[in-house]
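Before any comments, here is the structure.
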Amino acid sequence: MPLLQDILILLGFSIVIVFVLQRLKLPSIIGFLLTGVIIGPYGLSLIKAVEQVETLSEVGVILLLFVIGMELSIKQLVSIKKTVFIGGFLQVGLTVGVAALVYNLLGNSWNESVFVGFLFSLSSTAIVLKTLQDRQEISAPHARNALAILIFQDIIVVPMMLVTPMIAGESSNVTMDILMLLVKSAIVVILTYISARFVVPRFMHAVAKTNSKELFLLVTITLCFAIAFLTAEIGLSLALGAFIAGLIISESEYSHQATSIILPFRELFTSFFFVSVGMLLNLSFFQNHIPIILVLVLIVLILKSSVAAIAVAILKYPTKTAILTGLSLFQVGEFAFILSKIGIKYNLLTPQTNQYFLSVSIVSMILTPFVIIFSENIAGKVLGVKKRLGLKRQLDSSNIEEVVKTDLENHLVIIGYGINGSNLAKAATASNIPFIVIETNAEIVKREKANGLPIIFGDATNDHILETVHLSRARAAVIAISGNVDTQNIIKNIRSISDSLYLVVRTRYVKEISELLALGADEVIPEEFETSIQIFEHILHNFLVPEGDIVQLIHKVRADNYQMFKGELKGPKTYRTSELADFNIKSLRMRSDSNKFLGKPLRELDLRAIYGINILAIKRKDEMLESVQPDEILKQGDIIYIQGDQSKVEEFHQLIN
């Protein structure tokens, strides 16, 4: 069984290499790419079933895009439609133009130059999104821009394939093919909307009611592959179809469960994809031409990053967001490999040029995680150089209508309008607290301004933006953004303007608390521990710990800077809750309409003697029966509050469910 043997070799090498890189704190993607280089046909030649491994890798790309689609929604996708079509068109168009011009100046024909422009305009959806997900940046403005442009690239690659024969001078009815593709795409959009709104949510609800995990898994995976297959059949890419499938499921309330069961499969199969990419690198050619290849990689990095940044800047995003987006998209993508095969077929690409292309592409992919990791520092240095040269920094609020009242004072400044920022704005509105929001997402600003929200478009790392919202006259500020580097810079800027302002900062990780407090934050709220506190609070309630004791314990945890969660597992020295109640109370719903407990008086059921439980209360519709009499009859839909051992309660639950 050569395939099984190859998979064993692939996984074995991956484990060793990824383990070593993890100890060095390097991304796992690098390990998979290096594994492919080492065990591939140009390395140790340990893999024989190369085509089968490539097929498995396609499954990885499908599952990756499927999960990305489920984590978004059609509403969120619509909110970035401007970036998808305008930003994507500008990025692809400008990249094709610049690359074609450079290649033509090197003495090549225009048709070859345009085709090479096609190749270098495409970026790696799989590597970019996987890296951003691993860094938990997928919801950041630059990540959303990158996703939007990548979606456009996945769409435009099909017309590129159709146009390639025409560029090569082959006779083909390209116009009709493109028109048919547009018609098919319109049909896909309509069917996606109908499926997401009316069909799939009801179908998933029916599947979920069976309580079968196996069936739920099969249905989820079948939907993913079926939609991907159908889109591929009409001429679109498999990856785009998988993304659409994820979007469709995202509109149902079962998307989170679907994501959780797909994730293990995604991680396995995406590893095959990255390994298969590494296998393409011809080590002999790379070693013989390494200086030229590295120079080409540097040129590609600078040109593609700059072009993508310009495309995003034209959409009036902040300079820093544009730079971060450009750095995310500098590499050459996997779909370019497919396109290159068509170019070789029509003699638009010589074998030697193709080897240069493959080498530059794979090296750029290997470098991508590193570039994204250091992108914040790179962007900071670029902006610093701009400032030192005396160039006037673009004011991010210059293109918006004035929404800041000149007499605004004693107000709240909210920096970032994500989930935390929007919830805070709602609370401030309900409490009649004056506030103003600073946000870097142009679409959000436009939408919320139309709804009457006091919000301006700007980057709070810019001193002028903070002055625009009258920070010196504000009473408090909340930093509710994701990036730790940006958060640090904003704190420094705020403290350079006001030392007395009450400043609350949200962070993801507790390890960042000390540094943020040292920079000037008054309070730092770590998401990972606050979530733990909320979970523990519910558990304490379930164990019937007195309310006062719960409040006292949670206050102590926060006052001690979450030390309880940081140290070893041991009991508290200065605080202990009162003795826990030694009985168990649960609420159960009488779901079944045919169980033997319905329609009979409680005295006949004799639940205490037979099942070891006591019914304490019954909630029927909006009425609570706190004094349960022996003649009371249980009805379908009742919520019953029972007391008994956990095992007895669970046994009874199975009988009534």
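In the structure tokens, each chain is lettered A, B, ... as it comes, each chain's residues begin at 1, and ligands are numbered from 1 in order of appearance.
Residues lying within 8 Å of Arg620 (chain A), counting only C-alpha atoms and ignoring same-chain neighbours fewer than 5 positions away, are Leu625, Gly637, Asp638 and Ile639 of chain A.
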Give me the residues near Lys184 (chain A) as a list in words, where near means some atom within 12 Å (using only C-alpha atoms) and where sequence neighbours in that chain fewer than 2 positions away do not count. Asp177, Ile178, Leu179, Met180, Leu181, Leu182, Ala186, Ile187, Val188, Val189, Ile190, Leu191, Leu230, Thr231, Ala232, Glu233, Ile234, Gly235 and Leu236 of chain A
Keeping only N, CA and C atoms, write the selected residues to a file as an mmCIF file, in the first residue's frame.
```
data_model
loop_
_atom_site.group_PDB
_atom_site.id
_atom_site.type_symbol
_atom_site.label_atom_id
_atom_site.label_comp_id
_atom_site.auth_asym_id
_atom_site.auth_seq_id
_atom_site.Cartn_x
_atom_site.Cartn_y
_atom_site.Cartn_z
ATOM 1 N N ASP A 177 -17.410 32.244 -23.426
ATOM 2 C CA ASP A 177 -17.071 31.521 -22.198
ATOM 3 C C ASP A 177 -17.197 32.423 -20.973
ATOM 4 N N ILE A 178 -16.717 33.665 -21.118
ATOM 5 C CA ILE A 178 -16.783 34.599 -19.988
ATOM 6 C C ILE A 178 -18.233 34.975 -19.686
ATOM 7 N N LEU A 179 -19.035 35.192 -20.722
ATOM 8 C CA LEU A 179 -20.457 35.507 -20.502
ATOM 9 C C LEU A 179 -21.166 34.356 -19.785
ATOM 10 N N MET A 180 -20.874 33.132 -20.211
ATOM 11 C CA MET A 180 -21.480 31.971 -19.554
ATOM 12 C C MET A 180 -21.027 31.877 -18.097
ATOM 13 N N LEU A 181 -19.749 32.214 -17.864
ATOM 14 C CA LEU A 181 -19.238 32.179 -16.500
ATOM 15 C C LEU A 181 -19.962 33.200 -15.619
ATOM 16 N N LEU A 182 -20.220 34.399 -16.173
ATOM 17 C CA LEU A 182 -20.940 35.424 -15.420
ATOM 18 C C LEU A 182 -22.355 34.975 -15.091
ATOM 19 N N ALA A 186 -23.855 34.324 -11.342
ATOM 20 C CA ALA A 186 -25.087 34.945 -10.841
ATOM 21 C C ALA A 186 -26.026 33.895 -10.266
ATOM 22 N N ILE A 187 -26.116 32.755 -10.936
ATOM 23 C CA ILE A 187 -26.959 31.664 -10.437
ATOM 24 C C ILE A 187 -26.449 31.163 -9.088
ATOM 25 N N VAL A 188 -25.117 31.048 -8.959
ATOM 26 C CA VAL A 188 -24.521 30.595 -7.698
ATOM 27 C C VAL A 188 -24.855 31.566 -6.566
ATOM 28 N N VAL A 189 -24.759 32.869 -6.844
ATOM 29 C CA VAL A 189 -25.064 33.881 -5.823
ATOM 30 C C VAL A 189 -26.515 33.767 -5.376
ATOM 31 N N ILE A 190 -27.430 33.616 -6.318
ATOM 32 C CA ILE A 190 -28.853 33.512 -5.986
ATOM 33 C C ILE A 190 -29.130 32.250 -5.169
ATOM 34 N N LEU A 191 -28.558 31.124 -5.618
ATOM 35 C CA LEU A 191 -28.769 29.868 -4.894
ATOM 36 C C LEU A 191 -28.145 29.913 -3.498
ATOM 37 N N LEU A 230 -19.957 21.274 -7.129
ATOM 38 C CA LEU A 230 -20.855 21.927 -8.082
ATOM 39 C C LEU A 230 -20.236 23.204 -8.648
ATOM 40 N N THR A 231 -19.589 23.992 -7.792
ATOM 41 C CA THR A 231 -18.961 25.227 -8.284
ATOM 42 C C THR A 231 -17.799 24.904 -9.220
ATOM 43 N N ALA A 232 -17.074 23.837 -8.921
ATOM 44 C CA ALA A 232 -15.978 23.433 -9.814
ATOM 45 C C ALA A 232 -16.519 22.975 -11.167
ATOM 46 N N GLU A 233 -17.676 22.318 -11.142
ATOM 47 C CA GLU A 233 -18.268 21.823 -12.377
ATOM 48 C C GLU A 233 -18.709 22.956 -13.307
ATOM 49 N N ILE A 234 -19.106 24.089 -12.720
ATOM 50 C CA ILE A 234 -19.547 25.202 -13.568
ATOM 51 C C ILE A 234 -18.396 26.137 -13.926
ATOM 52 N N GLY A 235 -17.173 25.765 -13.524
ATOM 53 C CA GLY A 235 -16.016 26.543 -13.955
ATOM 54 C C GLY A 235 -15.374 27.398 -12.890
ATOM 55 N N LEU A 236 -15.937 27.418 -11.666
ATOM 56 C CA LEU A 236 -15.324 28.159 -10.568
ATOM 57 C C LEU A 236 -14.398 27.221 -9.799
#
```
Could you build a table of the residues in region 232-339 of chain A lying no more than 10 Å from region 5-23 of chain A, giving for each the nearest pair of atoms and their separation in Å rounded to one decimal place, using only C-alpha atoms, ordered by chain and ascending residue number, as a tab-separated table?
```
residue	atom	partner	partner_atom	distance
A:Leu268	CA	A:Leu11	CA	9.4
A:Ser271	CA	A:Ser14	CA	8.5
A:Phe272	CA	A:Leu10	CA	8.1
A:Val275	CA	A:Leu10	CA	7.9
A:Ser276	CA	A:Leu10	CA	9.8
```
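Using only C-alpha atoms, the smallest distance between any of A:Phe536, A:Phe273, A:Phe286, A:Phe335 and Ser237 (chain A) comes from A:Phe335.
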Can you list, as a ChimeraX atom specification, every residue of region 125-286 of chain A that DSSP puts in helix (DSSP H, G or I)? /A:125-134,141-167,174-209,213-233,238-250,255-278,283-286
Run DSSP on the backbone of this structure and report the residues of region 306-497 of chain A it assigns to strand (DSSP E), as number ranges by chain. A: 412-415, 435-439, 455-457, 476-479
Could you name the residues that touch Gln52 (chain A) at 9 Å or less, counting only C-alpha atoms, but leaving out those on the same chain fewer than 4 positions away, as a PyMOL selection string? chain A and resi 3+56-57
Who sits within 12 Å of Ile373 (chain A), only C-alpha atoms, same chain under 6 positions skipped, as a ChimeraX atom specification: /A:25-27,128,131-132,134-137,324,327-328,367,379,483,485
So that I have them on file, write out the residues from the current selection with C-alpha atoms, as a PDB file, in the first residue's frame.
```
ATOM      1  CA  LYS A  25       8.713  29.213  18.568  1.00  0.00           C
ATOM      2  CA  LEU A  26       8.437  29.131  14.763  1.00  0.00           C
ATOM      3  CA  PRO A  27       5.130  28.615  12.878  1.00  0.00           C
ATOM      4  CA  VAL A 128      -2.321  33.800   4.610  1.00  0.00           C
ATOM      5  CA  THR A 131      -1.290  32.269   9.566  1.00  0.00           C
ATOM      6  CA  LEU A 132      -3.781  35.005  10.465  1.00  0.00           C
ATOM      7  CA  ASP A 134      -3.147  31.029  14.189  1.00  0.00           C
ATOM      8  CA  ARG A 135      -2.304  34.571  15.308  1.00  0.00           C
ATOM      9  CA  GLN A 136      -6.002  35.247  16.106  1.00  0.00           C
ATOM     10  CA  GLU A 137      -5.985  38.264  13.790  1.00  0.00           C
ATOM     11  CA  LEU A 324      -0.202  45.413   6.998  1.00  0.00           C
ATOM     12  CA  LEU A 327       2.675  42.609   3.678  1.00  0.00           C
ATOM     13  CA  SER A 328       0.118  39.823   4.147  1.00  0.00           C
ATOM     14  CA  LEU A 367       8.709  33.592   4.317  1.00  0.00           C
ATOM     15  CA  ALA A 379       4.800  49.050   9.397  1.00  0.00           C
ATOM     16  CA  GLY A 483      -3.243  44.253  18.273  1.00  0.00           C
ATOM     17  CA  VAL A 485       1.615  46.681  19.548  1.00  0.00           C
TER      18      VAL A 485
END
```
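For the choices A:Ser28, A:Ser305, A:Asn441, A:Thr507, the atom-to-atom distance to Ile525 (chain A) is smallest for A:Thr507 when using only C-alpha atoms.
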Spatial neighbours of Leu517 (chain A), max dist 10 Å, only C-alpha atoms, sep filter under 5 positions, as number ranges by chain: A: 488, 491, 503-505, 512, 522-524
Ala460 (chain A) proximity check over A:Lys320, A:His653, A:Lys345, A:Lys586, using only C-alpha atoms: winner is A:Lys320
Which residue gives the smallest distance to Thr95 (chain A) among A:Leu162, A:Val157, A:Leu217, A:Leu303, with only C-alpha atoms counted? A:Leu303
Mind dumping a table of every region 320-437 of chain A residue within 9 Å of region 145-150 of chain A, with the nearest atom pair and its distance in Å to one decimal, using only C-alpha atoms, sorted by chain and rising number, as a Markdown table?
```
| residue | atom | partner | partner_atom | distance |
| --- | --- | --- | --- | --- |
| A:Thr321 | CA | A:Asn145 | CA | 8.7 |
| A:Ala322 | CA | A:Asn145 | CA | 8.6 |
| A:Thr325 | CA | A:Ala146 | CA | 5.7 |
| A:Gly326 | CA | A:Ala146 | CA | 8.0 |
| A:Ser328 | CA | A:Ala146 | CA | 6.9 |
| A:Leu329 | CA | A:Ala146 | CA | 6.8 |
```
